[in-house]
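J.: Supplied in structure tokens, the structure appears directly below.
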Amino acid sequence: MGDFESSLDFFDQSAQASAARGLKDYSAYWFSGVASSYLALREYRPAEALARSTLERAKELNDSETTALCLNTLAEIMLRTNRLVEAKRFNQDALNIEESGRDKLVTLDSLTLAGKIATAVGRFSDGEGFFQRVLADPNVEPQLRWQAQAGLAQVRDGQAEPADAERKYLEAIETIESARRSINHDELRLSFLSTGIEVYGNYIDFLIRRGRPPDALNQAEISRARTLAEGLSLKAPSATLRPAASAQSQKLAQRTKATILFYWLGEKHSYLWVITPVKTTCITLASAQELDPIVKSYQETLLAGRDPLETQNANGQKLYEMLIEPAKNLIPQGSRVILLPDGSLYGLNFETLIVPGPRLHYWIEDATVTTASSLTLLASAAEAGPVPKPKSIFLVGDTIPPNAEFPKLQHAAAEMQSIEKYFPGPRRAVLSGSGATPAAYLSSKPEQYGYLHFVTHGTASRARPLESAVVLSKERDDDSYKLYARDIVKRHLSAYLVTISACNGAGTRAFSGEGLVGLSWAFLRAGAHNVIGALWEVSDSAAPQLMDKLYGGLSRGQDPASALRAAKLSLLHSERVFRRPYYWAPFQLYAGS
């Protein structure tokens with residue numbers, strides 16, 4: 001189901017429990033699962049080390065199944081890290097085990113790998129033979145079916161048969177989509193695309209090589225925010241359609257009066273489509289393998305509370321040069337930018353990137369930035385136009401701490417008071433203290449308000465993102481105090497803006513195509529037009545000042561993106577410690593439908 005983080009945790013727990021009980025054969029099997037989970041997460045070093053050690057243990061135990069599993073894991077690692085001779089050796093060892101009759105459970109996996117390896121070294125007819133054997137099996141699982149179909153596409157591409165290659169890619173994508181449509185559970189649909197995203201990436205690479213960047217953009221869009229769009233009853237583009245992607249996107253840029261930056265991060269190739277009202281430009285970027293460590297290091301700097309400008313942080317400048325500089329001439333100074341990130345970029349606040357030059361400065365000085373999930377959702381929002389909603393607000397916060405884990409927020413009351421003054425009494429409702437419970441929120445008809453604002457603690461669940469929650473006061477008759485994301489999505493909203501002034505409101509885990517899933521995602525799914533959520537912990541002392549400036553701008557007619565930027569700049573330009581990105585940069589604006 002593509003939930004590789006959970007699979008890693010479960011396999012590891014099983015392996016450790018089996019080892020503690022002296023069940024060596026079970027322990028080896030579970031450790032092979034840990035290694036394959038690392039592989040799926042693209043953490044190749046720990047995957048290889050564990051697969052090698054587990055392989056030796058499985059051989060000692062004469063465990064053919066686990067031996068074959070480890071050999072396939074090692075073959076896949078070698079293939080992905082371009083060690084093709086070793087990949088073939090490990091794969092052949094696995095096939096020998098299966099052909100000898102000692103194990104048959106992973107034969108189709110081994111044949112699929114054999115096809116990939118043969119194709120990688122240019123033995124296209126051999127590769128086709130392996131893939132056809134997989135597809136001929138009536139019991140082949142969907143994941144191996146689409147891998148074999150995509151493998152045949154690469155064979156045809158290598159044989160200079162692009163039309164047939166494209167048909168095979170589309171067959172593979174339809175197999176992925178068919179399998180996804182059969183899943184009825186939201187959380188399983190969220191993670192599922194991770195199992196097939198590589199096929200989309202290979203097809204996008206194929207289209208770029210064939211000189212068709214508009215079609216590549218369309219395919220990238222097809223993979224975006226599917227679960228979110230489905231929840232909003234929006235029809236996502238079809239994998240079999242060929243719309244004039246550039247023309248449609250340029251009209252969208254015109255309607256939103258913005259430059260749209262659409263990113264695709266691939267393991268081998270990454271791309272940026274820069275969409276303006278007059279043209280769409282496709283730019284090749286560094287791979288995810290190059291970008292991810294730099295993004296992670298820079299995020300660690302921000303979370304440590306440091307001021308990257310003071311130290312002229314090299315990573316902050318390098319990320320600007322890698323992600324923004326290639327599009328700089330297409331982004332007018334002081335203009336609006338709508339970002340559609342991908343991969344590790346979902347957790348990066350682009351406003352904090354450092355613009356090189358005679359005067360180092362953060363990119364927020366140059367642009368007004370909004371984040372979006374997909375072009376489909378963005379187009380829906382643009383078509384809807386201004387929300388004809390009375391300027392009313394529903395304020396929830398300053399709660400009674402439910403336990404020691406969530407202590408009293410000392411400045412919550414001040415933040416709520418600073419916001420109240422912008423909304424006359426008849427146009428505001430407040431839930432605070434012991435009355436601010438999950439049941440009270442749900443029964444207060446939040447759908448009637450134009451603005452919702454939460455001043456509370458928040459939790460973000462990596463394992464089950466829809467269990468992320470707004471922390472409220474305890475219910476009178478039981479100990480429940482969390483307003484879960486899964487409950488938020490069930491209550492339809494039409495709010496112009498939802499602001500979650502709580503830690504990690506944007507979520508902490510990004511899913512392929514779907515982005516960060518947490519409270520912000522839940523409110524968007526519920527129908528909110530715009531959501532402000534936090535990428536990391538929120539400072540209880542800085543938030544009231546920022547929110548006062550935000551609502552001051554909104555009261556003067558500014559749109560949410562402009563008002564939020566002005567509020568952030570007020571902290572950045574102050575003489576206090578709040579000028580550091582840690583205090584103003586967690587908040588990010590997400591555009592909904």
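Chain labels run A, B, ... following the order of the structure tokens; each chain numbers its residues from 1, and ligands are numbered from 1 in the order shown.
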Can I get the residues of range 428-467 of chain A within 9 Å of range 392-402 of chain A, each with the closest pair of atoms and their distance in Å to one decimal, using only C-alpha atoms, sorted chain first then ascending number, as a tab-separated table?

T.:
residue	atom	partner	partner_atom	distance
A:Arg428	CA	A:Ile393	CA	4.8
A:Ala429	CA	A:Phe394	CA	4.9
A:Val430	CA	A:Leu395	CA	4.7
A:Leu431	CA	A:Val396	CA	4.8
A:Ser432	CA	A:Gly397	CA	5.1
A:Gly433	CA	A:Thr399	CA	4.4
A:Ser434	CA	A:Ile400	CA	5.8
A:Gly435	CA	A:Thr399	CA	8.0
A:Ala436	CA	A:Thr399	CA	6.2
A:Thr437	CA	A:Thr399	CA	8.3
A:Tyr441	CA	A:Val396	CA	7.9
A:Pro446	CA	A:Phe394	CA	7.1
A:Gln448	CA	A:Ser392	CA	8.4
A:Tyr449	CA	A:Ser392	CA	5.4
A:Gly450	CA	A:Ser392	CA	5.3
A:Tyr451	CA	A:Ile393	CA	4.5
A:Leu452	CA	A:Phe394	CA	4.8
A:His453	CA	A:Leu395	CA	5.0
A:Phe454	CA	A:Val396	CA	4.9
A:Val455	CA	A:Gly397	CA	4.4
A:Thr456	CA	A:Gly397	CA	5.3
A:His457	CA	A:Gly397	CA	8.9

J.: With DSSP run on the backbone, what are the strand (DSSP E or B) residues within range 374-491 of chain A? I'd like them as an mmCIF file with N, CA and C atoms, in the first residue's frame.

T.:
data_model
loop_
_atom_site.group_PDB
_atom_site.id
_atom_site.type_symbol
_atom_site.label_atom_id
_atom_site.label_comp_id
_atom_site.auth_asym_id
_atom_site.auth_seq_id
_atom_site.Cartn_x
_atom_site.Cartn_y
_atom_site.Cartn_z
ATOM 1 N N ILE A 393 -16.030 35.526 12.054
ATOM 2 C CA ILE A 393 -14.941 34.665 12.498
ATOM 3 C C ILE A 393 -15.392 33.749 13.633
ATOM 4 N N PHE A 394 -14.830 32.569 13.634
ATOM 5 C CA PHE A 394 -15.038 31.605 14.709
ATOM 6 C C PHE A 394 -13.668 31.361 15.338
ATOM 7 N N LEU A 395 -13.496 31.866 16.568
ATOM 8 C CA LEU A 395 -12.226 31.768 17.291
ATOM 9 C C LEU A 395 -12.290 30.627 18.292
ATOM 10 N N VAL A 396 -11.287 29.755 18.249
ATOM 11 C CA VAL A 396 -11.245 28.609 19.159
ATOM 12 C C VAL A 396 -9.857 28.561 19.800
ATOM 13 N N GLY A 397 -9.810 28.594 21.128
ATOM 14 C CA GLY A 397 -8.490 28.515 21.760
ATOM 15 C C GLY A 397 -8.494 28.903 23.223
ATOM 16 N N ASP A 398 -7.274 29.187 23.720
ATOM 17 C CA ASP A 398 -7.073 29.489 25.142
ATOM 18 C C ASP A 398 -7.765 28.433 25.997
ATOM 19 N N THR A 399 -7.429 27.182 25.724
ATOM 20 C CA THR A 399 -8.119 26.045 26.331
ATOM 21 C C THR A 399 -7.551 25.685 27.699
ATOM 22 N N ARG A 428 -18.658 37.631 15.341
ATOM 23 C CA ARG A 428 -17.653 36.701 15.861
ATOM 24 C C ARG A 428 -18.284 35.783 16.895
ATOM 25 N N ALA A 429 -17.706 34.589 16.939
ATOM 26 C CA ALA A 429 -18.074 33.607 17.952
ATOM 27 C C ALA A 429 -16.779 33.076 18.539
ATOM 28 N N VAL A 430 -16.794 32.832 19.855
ATOM 29 C CA VAL A 430 -15.570 32.429 20.541
ATOM 30 C C VAL A 430 -15.833 31.190 21.382
ATOM 31 N N LEU A 431 -14.973 30.213 21.230
ATOM 32 C CA LEU A 431 -14.940 29.056 22.121
ATOM 33 C C LEU A 431 -13.620 29.092 22.863
ATOM 34 N N SER A 432 -13.672 29.202 24.176
ATOM 35 C CA SER A 432 -12.433 29.258 24.943
ATOM 36 C C SER A 432 -12.636 28.579 26.292
ATOM 37 N N GLY A 433 -11.522 28.415 26.998
ATOM 38 C CA GLY A 433 -11.583 27.803 28.322
ATOM 39 C C GLY A 433 -12.173 26.411 28.277
ATOM 40 N N TYR A 451 -14.188 33.008 8.463
ATOM 41 C CA TYR A 451 -12.835 32.807 8.984
ATOM 42 C C TYR A 451 -12.905 31.872 10.196
ATOM 43 N N LEU A 452 -11.966 30.951 10.276
ATOM 44 C CA LEU A 452 -11.794 30.108 11.461
ATOM 45 C C LEU A 452 -10.365 30.287 11.944
ATOM 46 N N HIS A 453 -10.205 30.413 13.250
ATOM 47 C CA HIS A 453 -8.855 30.604 13.795
ATOM 48 C C HIS A 453 -8.715 29.772 15.068
ATOM 49 N N PHE A 454 -7.655 28.953 15.111
ATOM 50 C CA PHE A 454 -7.374 28.096 16.266
ATOM 51 C C PHE A 454 -6.092 28.557 16.947
ATOM 52 N N VAL A 455 -6.179 28.772 18.268
ATOM 53 C CA VAL A 455 -5.006 29.126 19.066
ATOM 54 C C VAL A 455 -4.848 28.034 20.117
ATOM 55 N N HIS A 457 -2.619 23.973 21.084
ATOM 56 C CA HIS A 457 -1.584 23.013 20.712
ATOM 57 C C HIS A 457 -2.101 22.199 19.526
ATOM 58 N N GLY A 458 -1.163 21.630 18.780
ATOM 59 C CA GLY A 458 -1.527 20.726 17.703
ATOM 60 C C GLY A 458 -0.613 19.516 17.718
ATOM 61 N N THR A 459 -1.107 18.418 17.226
ATOM 62 C CA THR A 459 -0.278 17.214 17.113
ATOM 63 C C THR A 459 -0.290 16.752 15.664
ATOM 64 N N ALA A 469 -4.200 16.208 15.158
ATOM 65 C CA ALA A 469 -5.338 16.779 15.900
ATOM 66 C C ALA A 469 -5.059 18.174 16.424
ATOM 67 N N VAL A 470 -6.134 18.941 16.553
ATOM 68 C CA VAL A 470 -6.151 20.178 17.329
ATOM 69 C C VAL A 470 -6.448 19.785 18.775
ATOM 70 N N VAL A 471 -5.610 20.245 19.687
ATOM 71 C CA VAL A 471 -5.781 19.883 21.103
ATOM 72 C C VAL A 471 -6.667 20.918 21.782
ATOM 73 N N LYS A 482 -9.253 15.800 21.737
ATOM 74 C CA LYS A 482 -8.632 16.054 20.434
ATOM 75 C C LYS A 482 -9.680 16.154 19.327
ATOM 76 N N LEU A 483 -9.528 17.195 18.525
ATOM 77 C CA LEU A 483 -10.318 17.339 17.311
ATOM 78 C C LEU A 483 -9.458 16.780 16.179
ATOM 79 N N TYR A 484 -9.764 15.561 15.762
ATOM 80 C CA TYR A 484 -8.918 14.847 14.808
ATOM 81 C C TYR A 484 -9.157 15.300 13.366
#

J.: As an exercise, work out the distance from CA of Val140 in chain A to CA of Trp30 in chain A in Å and give it to one decimal place.

T.: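 Rounded to one decimal, the two atoms are 23.3 Å apart.
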
J.: Please provide as a list in words all residues within 8 Å of Glu415 in chain A, with the sequence filter that same-chain residues fewer than 2 positions apart are discarded (counting only C-alpha atoms).

T.: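 So the residues in contact are His411, Ala412, Ala413, Gln417, Ser418, Ile419, Val455, Ala543, Pro544, Gln545, Met547 and Asp548 of chain A.
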
J.: Quick one: residues within 12 Å of Arg486 in chain A, only C-alpha atoms counted, chain neighbours fewer than 2 positions away excluded, as a PyMOL selection string?

T.: chain A and resi 185-187+461+464-470+482-484+488-491+517-523+525-526

J.: Take the selection from the previous step and output its residues with N, CA, C and O atoms, as a short mmCIF file (atom, residue, chain, number, x, y, z; two decimals), in the first residue's frame.

T.:
data_model
loop_
_atom_site.label_atom_id
_atom_site.label_comp_id
_atom_site.auth_asym_id
_atom_site.auth_seq_id
_atom_site.Cartn_x
_atom_site.Cartn_y
_atom_site.Cartn_z
N HIS A 185 -10.37 3.11 1.55
CA HIS A 185 -9.95 3.77 2.78
C HIS A 185 -9.03 4.94 2.45
O HIS A 185 -8.02 4.78 1.76
N ASP A 186 -9.37 6.14 2.95
CA ASP A 186 -8.60 7.34 2.62
C ASP A 186 -7.12 7.21 2.92
O ASP A 186 -6.27 7.57 2.10
N GLU A 187 -6.78 6.74 4.12
CA GLU A 187 -5.38 6.69 4.51
C GLU A 187 -4.58 5.73 3.64
O GLU A 187 -3.40 5.96 3.37
N SER A 461 0.57 13.34 13.41
CA SER A 461 0.88 11.91 13.43
C SER A 461 1.53 11.50 12.12
O SER A 461 0.93 11.67 11.04
N ARG A 464 -0.17 7.81 11.16
CA ARG A 464 -1.55 7.92 10.67
C ARG A 464 -1.93 9.39 10.62
O ARG A 464 -2.48 9.95 11.58
N PRO A 465 -1.63 10.07 9.50
CA PRO A 465 -1.80 11.53 9.43
C PRO A 465 -3.21 12.02 9.74
O PRO A 465 -3.37 13.14 10.22
N LEU A 466 -4.23 11.19 9.47
CA LEU A 466 -5.59 11.65 9.77
C LEU A 466 -5.91 11.57 11.26
O LEU A 466 -7.00 11.94 11.68
N GLU A 467 -4.94 11.11 12.06
CA GLU A 467 -5.05 11.22 13.51
C GLU A 467 -4.31 12.44 14.05
O GLU A 467 -4.21 12.61 15.26
N SER A 468 -3.78 13.27 13.17
CA SER A 468 -3.30 14.58 13.60
C SER A 468 -4.48 15.33 14.21
O SER A 468 -5.63 15.11 13.82
N ALA A 469 -4.20 16.21 15.16
CA ALA A 469 -5.34 16.78 15.90
C ALA A 469 -5.06 18.17 16.42
O ALA A 469 -3.91 18.55 16.70
N VAL A 470 -6.13 18.94 16.55
CA VAL A 470 -6.15 20.18 17.33
C VAL A 470 -6.45 19.78 18.78
O VAL A 470 -7.42 19.05 19.04
N LYS A 482 -9.25 15.80 21.74
CA LYS A 482 -8.63 16.05 20.43
C LYS A 482 -9.68 16.15 19.33
O LYS A 482 -10.56 15.30 19.22
N LEU A 483 -9.53 17.19 18.52
CA LEU A 483 -10.32 17.34 17.31
C LEU A 483 -9.46 16.78 16.18
O LEU A 483 -8.51 17.42 15.72
N TYR A 484 -9.76 15.56 15.76
CA TYR A 484 -8.92 14.85 14.81
C TYR A 484 -9.16 15.30 13.37
O TYR A 484 -10.26 15.73 13.00
N ILE A 488 -12.44 16.44 11.11
CA ILE A 488 -12.50 17.73 10.41
C ILE A 488 -12.98 17.54 8.98
O ILE A 488 -13.80 18.31 8.47
N VAL A 489 -12.49 16.50 8.29
CA VAL A 489 -12.84 16.33 6.88
C VAL A 489 -14.32 15.99 6.68
O VAL A 489 -14.86 16.18 5.60
N LYS A 490 -14.98 15.52 7.74
CA LYS A 490 -16.39 15.13 7.62
C LYS A 490 -17.33 16.31 7.72
O LYS A 490 -18.52 16.19 7.40
N ARG A 491 -16.84 17.46 8.19
CA ARG A 491 -17.70 18.63 8.37
C ARG A 491 -17.39 19.63 7.26
O ARG A 491 -16.36 20.28 7.26
N VAL A 517 0.36 15.86 4.71
CA VAL A 517 -1.01 15.54 5.13
C VAL A 517 -1.10 15.68 6.64
O VAL A 517 -0.36 15.06 7.39
N GLY A 518 -1.99 16.54 7.05
CA GLY A 518 -2.21 16.81 8.47
C GLY A 518 -3.42 17.70 8.61
O GLY A 518 -4.40 17.58 7.86
N LEU A 519 -3.36 18.64 9.53
CA LEU A 519 -4.52 19.50 9.79
C LEU A 519 -4.83 20.43 8.61
O LEU A 519 -6.00 20.62 8.25
N SER A 520 -3.80 21.02 8.01
CA SER A 520 -4.04 21.90 6.86
C SER A 520 -4.73 21.14 5.73
O SER A 520 -5.71 21.62 5.14
N TRP A 521 -4.23 19.96 5.43
CA TRP A 521 -4.82 19.12 4.39
C TRP A 521 -6.28 18.81 4.73
O TRP A 521 -7.15 18.84 3.85
N ALA A 522 -6.55 18.52 6.01
CA ALA A 522 -7.90 18.17 6.43
C ALA A 522 -8.87 19.33 6.22
O ALA A 522 -10.00 19.14 5.75
N PHE A 523 -8.45 20.54 6.57
CA PHE A 523 -9.33 21.70 6.38
C PHE A 523 -9.53 22.00 4.90
O PHE A 523 -10.62 22.42 4.48
N ARG A 525 -9.51 19.69 2.59
CA ARG A 525 -10.41 18.61 2.17
C ARG A 525 -11.85 18.92 2.59
O ARG A 525 -12.81 18.55 1.90
N ALA A 526 -12.01 19.61 3.71
CA ALA A 526 -13.35 19.96 4.18
C ALA A 526 -13.97 21.08 3.36
O ALA A 526 -15.18 21.32 3.46
#

J.: Which of range 473-555 of chain A counts as alpha helix (DSSP H) under DSSP, as a PyMOL selection string please?

T.: chain A and resi 485-488+519-526+543-555

J.: Excluding Arg580 in chain A and any residue of its chain fewer than 2 positions from it, enumerate the residues within 12 Å of it, using only C-alpha atoms, and give them as a ChimeraX atom specification.

T.: /A:301-311,352,362,539,542,568-578,582-586

J.: Now that the selection is made, can you save its residues with C-alpha atoms as a CSV table (one decimal), in the first residue's frame?

T.:
chain,number,residue,atom,x,y,z
A,301,THR,CA,19.5,25.1,10.6
A,302,LEU,CA,16.1,26.8,10.7
A,303,LEU,CA,14.7,24.6,13.4
A,304,ALA,CA,17.7,25.2,15.6
A,305,GLY,CA,16.6,28.9,15.7
A,306,ARG,CA,19.7,30.2,14.0
A,307,ASP,CA,19.7,33.2,11.6
A,308,PRO,CA,21.0,31.9,8.3
A,309,LEU,CA,21.6,35.5,7.1
A,310,GLU,CA,24.0,36.2,9.9
A,311,THR,CA,26.1,33.2,9.0
A,352,THR,CA,13.6,31.5,3.7
A,362,TYR,CA,15.5,36.1,2.1
A,539,SER,CA,6.4,30.3,19.2
A,542,ALA,CA,5.8,35.5,18.5
A,568,LYS,CA,6.1,38.0,8.4
A,569,LEU,CA,8.1,41.0,7.1
A,570,SER,CA,7.1,43.0,10.2
A,571,LEU,CA,8.9,40.4,12.4
A,572,LEU,CA,11.8,40.0,10.0
A,573,HIS,CA,12.4,43.7,10.0
A,574,SER,CA,12.1,44.0,13.8
A,575,GLU,CA,15.1,44.3,16.1
A,576,ARG,CA,13.9,41.4,18.3
A,577,VAL,CA,14.9,37.8,18.1
A,578,PHE,CA,11.6,37.3,16.2
A,582,TYR,CA,12.2,30.1,13.2
A,583,TYR,CA,9.6,32.6,14.5
A,584,TRP,CA,7.9,33.8,11.3
A,585,ALA,CA,8.6,31.1,8.7
A,586,PRO,CA,6.7,28.1,10.0

J.: For range 226-318 of chain A versus range 201-207 of chain A, which residues have an atom no more than 9 Å away, and what is each residue's nearest atom pair and distance in Å rounded to one decimal, using only C-alpha atoms, chain-then-number order, as a tab-separated table?

T.:
residue	atom	partner	partner_atom	distance
A:Trp264	CA	A:Gly201	CA	8.5
A:Leu265	CA	A:Gly201	CA	8.5
A:Gly266	CA	A:Gly201	CA	6.3
A:Glu267	CA	A:Gly201	CA	8.5
A:His269	CA	A:Asp205	CA	7.3
A:Ser270	CA	A:Asp205	CA	8.9

J.: Put those residues in a file: all heavy atoms, as a short mmCIF file (atom, residue, chain, number, x, y, z; two decimals), in the first residue's frame.

T.:
data_model
loop_
_atom_site.label_atom_id
_atom_site.label_comp_id
_atom_site.auth_asym_id
_atom_site.auth_seq_id
_atom_site.Cartn_x
_atom_site.Cartn_y
_atom_site.Cartn_z
N TRP A 264 8.86 18.80 -10.03
CA TRP A 264 8.83 17.34 -10.03
C TRP A 264 10.23 16.86 -9.65
O TRP A 264 11.19 17.13 -10.37
CB TRP A 264 8.44 16.79 -11.40
CG TRP A 264 8.48 15.28 -11.43
CD1 TRP A 264 9.57 14.49 -11.68
CD2 TRP A 264 7.39 14.39 -11.15
NE1 TRP A 264 9.23 13.16 -11.60
CE2 TRP A 264 7.89 13.07 -11.28
CE3 TRP A 264 6.05 14.58 -10.83
CZ2 TRP A 264 7.09 11.95 -11.07
CZ3 TRP A 264 5.26 13.46 -10.64
CH2 TRP A 264 5.76 12.17 -10.76
N LEU A 265 10.35 16.16 -8.53
CA LEU A 265 11.63 15.63 -8.08
C LEU A 265 11.72 14.14 -8.37
O LEU A 265 10.90 13.37 -7.86
CB LEU A 265 11.83 15.87 -6.57
CG LEU A 265 12.63 17.12 -6.18
CD1 LEU A 265 11.97 18.36 -6.74
CD2 LEU A 265 12.76 17.23 -4.68
N GLY A 266 12.67 13.77 -9.20
CA GLY A 266 12.87 12.37 -9.53
C GLY A 266 14.21 11.88 -9.03
O GLY A 266 15.13 12.68 -8.77
N GLU A 267 14.34 10.57 -8.91
CA GLU A 267 15.58 10.00 -8.40
C GLU A 267 16.75 10.27 -9.34
O GLU A 267 17.89 10.42 -8.90
CB GLU A 267 15.40 8.50 -8.17
CG GLU A 267 16.52 7.88 -7.36
CD GLU A 267 16.16 6.50 -6.86
OE1 GLU A 267 15.13 5.95 -7.30
OE2 GLU A 267 16.90 5.97 -6.03
N HIS A 269 16.18 12.42 -12.47
CA HIS A 269 15.98 13.73 -13.11
C HIS A 269 14.86 14.47 -12.39
O HIS A 269 13.86 13.87 -12.01
CB HIS A 269 15.59 13.56 -14.59
CG HIS A 269 16.56 12.75 -15.39
ND1 HIS A 269 16.38 11.41 -15.64
CD2 HIS A 269 17.73 13.08 -15.98
CE1 HIS A 269 17.39 10.95 -16.37
NE2 HIS A 269 18.23 11.94 -16.58
N SER A 270 15.04 15.76 -12.24
CA SER A 270 14.00 16.62 -11.67
C SER A 270 13.70 17.74 -12.66
O SER A 270 14.56 18.11 -13.48
CB SER A 270 14.45 17.22 -10.33
OG SER A 270 14.68 16.21 -9.37
#

J.: Can you list, as a ChimeraX atom specification, every protein, DNA or RNA residue that comes within 7 Å of Asp292 in chain A when you count only C-alpha atoms, leaving out same-chain residues fewer than 4 positions away?

T.: /A:288,296,344

J.: With distances taken over only C-alpha atoms, which of A:Ile294, A:Ala463, A:Ala153, A:Leu497 is nearest to Leu188 in chain A?

T.: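 For Leu188 in chain A, the nearest of the candidates is A:Ala463.
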
J.: Record the distance separating CA of Thr256 in chain A and CA of Ser335 in chain A, expressed in Å with one decimal.

T.: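 Result for CA of Thr256 in chain A versus CA of Ser335 in chain A: 11.2 Å, one decimal.
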
J.: With only C-alpha atoms as the counted atoms, please give the residues lying no more than 8 Å from Pro142 in chain A, apart from itself and same-chain residues fewer than 3 positions off, as a ChimeraX atom specification.

T.: /A:145-146,175-176,179

J.: Atoms to include: all heavy atoms. Write the selected residues as a PDB file, in the first residue's frame.

T.:
ATOM      1  N   ARG A 145       2.505  -6.356 -12.182  1.00  0.00           N
ATOM      2  CA  ARG A 145       1.954  -6.166 -13.523  1.00  0.00           C
ATOM      3  C   ARG A 145       2.359  -4.795 -14.068  1.00  0.00           C
ATOM      4  O   ARG A 145       2.845  -4.698 -15.201  1.00  0.00           O
ATOM      5  CB  ARG A 145       0.426  -6.298 -13.507  1.00  0.00           C
ATOM      6  CG  ARG A 145      -0.217  -6.047 -14.875  1.00  0.00           C
ATOM      7  CD  ARG A 145      -1.722  -6.278 -14.833  1.00  0.00           C
ATOM      8  NE  ARG A 145      -2.020  -7.686 -14.604  1.00  0.00           N
ATOM      9  CZ  ARG A 145      -2.003  -8.609 -15.551  1.00  0.00           C
ATOM     10  NH1 ARG A 145      -1.713  -8.278 -16.809  1.00  0.00           N
ATOM     11  NH2 ARG A 145      -2.288  -9.866 -15.275  1.00  0.00           N
ATOM     12  N   TRP A 146       2.165  -3.731 -13.266  1.00  0.00           N
ATOM     13  CA  TRP A 146       2.502  -2.417 -13.812  1.00  0.00           C
ATOM     14  C   TRP A 146       4.021  -2.249 -13.953  1.00  0.00           C
ATOM     15  O   TRP A 146       4.483  -1.541 -14.845  1.00  0.00           O
ATOM     16  CB  TRP A 146       1.855  -1.274 -13.042  1.00  0.00           C
ATOM     17  CG  TRP A 146       2.393  -0.904 -11.698  1.00  0.00           C
ATOM     18  CD1 TRP A 146       3.639  -0.452 -11.393  1.00  0.00           C
ATOM     19  CD2 TRP A 146       1.664  -0.889 -10.458  1.00  0.00           C
ATOM     20  NE1 TRP A 146       3.745  -0.165 -10.051  1.00  0.00           N
ATOM     21  CE2 TRP A 146       2.545  -0.418  -9.459  1.00  0.00           C
ATOM     22  CE3 TRP A 146       0.367  -1.197 -10.092  1.00  0.00           C
ATOM     23  CZ2 TRP A 146       2.158  -0.278  -8.116  1.00  0.00           C
ATOM     24  CZ3 TRP A 146      -0.017  -1.057  -8.778  1.00  0.00           C
ATOM     25  CH2 TRP A 146       0.865  -0.603  -7.796  1.00  0.00           C
ATOM     26  N   THR A 175      -3.105   0.519 -14.928  1.00  0.00           N
ATOM     27  CA  THR A 175      -3.080  -0.554 -13.930  1.00  0.00           C
ATOM     28  C   THR A 175      -2.942   0.027 -12.530  1.00  0.00           C
ATOM     29  O   THR A 175      -3.611  -0.420 -11.584  1.00  0.00           O
ATOM     30  CB  THR A 175      -1.919  -1.529 -14.214  1.00  0.00           C
ATOM     31  OG1 THR A 175      -2.088  -2.095 -15.517  1.00  0.00           O
ATOM     32  CG2 THR A 175      -1.888  -2.652 -13.191  1.00  0.00           C
ATOM     33  N   ILE A 176      -2.074   1.034 -12.387  1.00  0.00           N
ATOM     34  CA  ILE A 176      -1.907   1.705 -11.087  1.00  0.00           C
ATOM     35  C   ILE A 176      -3.217   2.353 -10.666  1.00  0.00           C
ATOM     36  O   ILE A 176      -3.675   2.193  -9.519  1.00  0.00           O
ATOM     37  CB  ILE A 176      -0.791   2.770 -11.166  1.00  0.00           C
ATOM     38  CG1 ILE A 176       0.564   2.108 -11.420  1.00  0.00           C
ATOM     39  CG2 ILE A 176      -0.741   3.587  -9.872  1.00  0.00           C
ATOM     40  CD1 ILE A 176       1.668   3.096 -11.760  1.00  0.00           C
ATOM     41  N   ALA A 179      -5.907  -0.162  -9.636  1.00  0.00           N
ATOM     42  CA  ALA A 179      -5.660  -0.700  -8.299  1.00  0.00           C
ATOM     43  C   ALA A 179      -6.010   0.341  -7.240  1.00  0.00           C
ATOM     44  O   ALA A 179      -6.604   0.016  -6.202  1.00  0.00           O
ATOM     45  CB  ALA A 179      -4.199  -1.115  -8.169  1.00  0.00           C
TER      46      ALA A 179
END
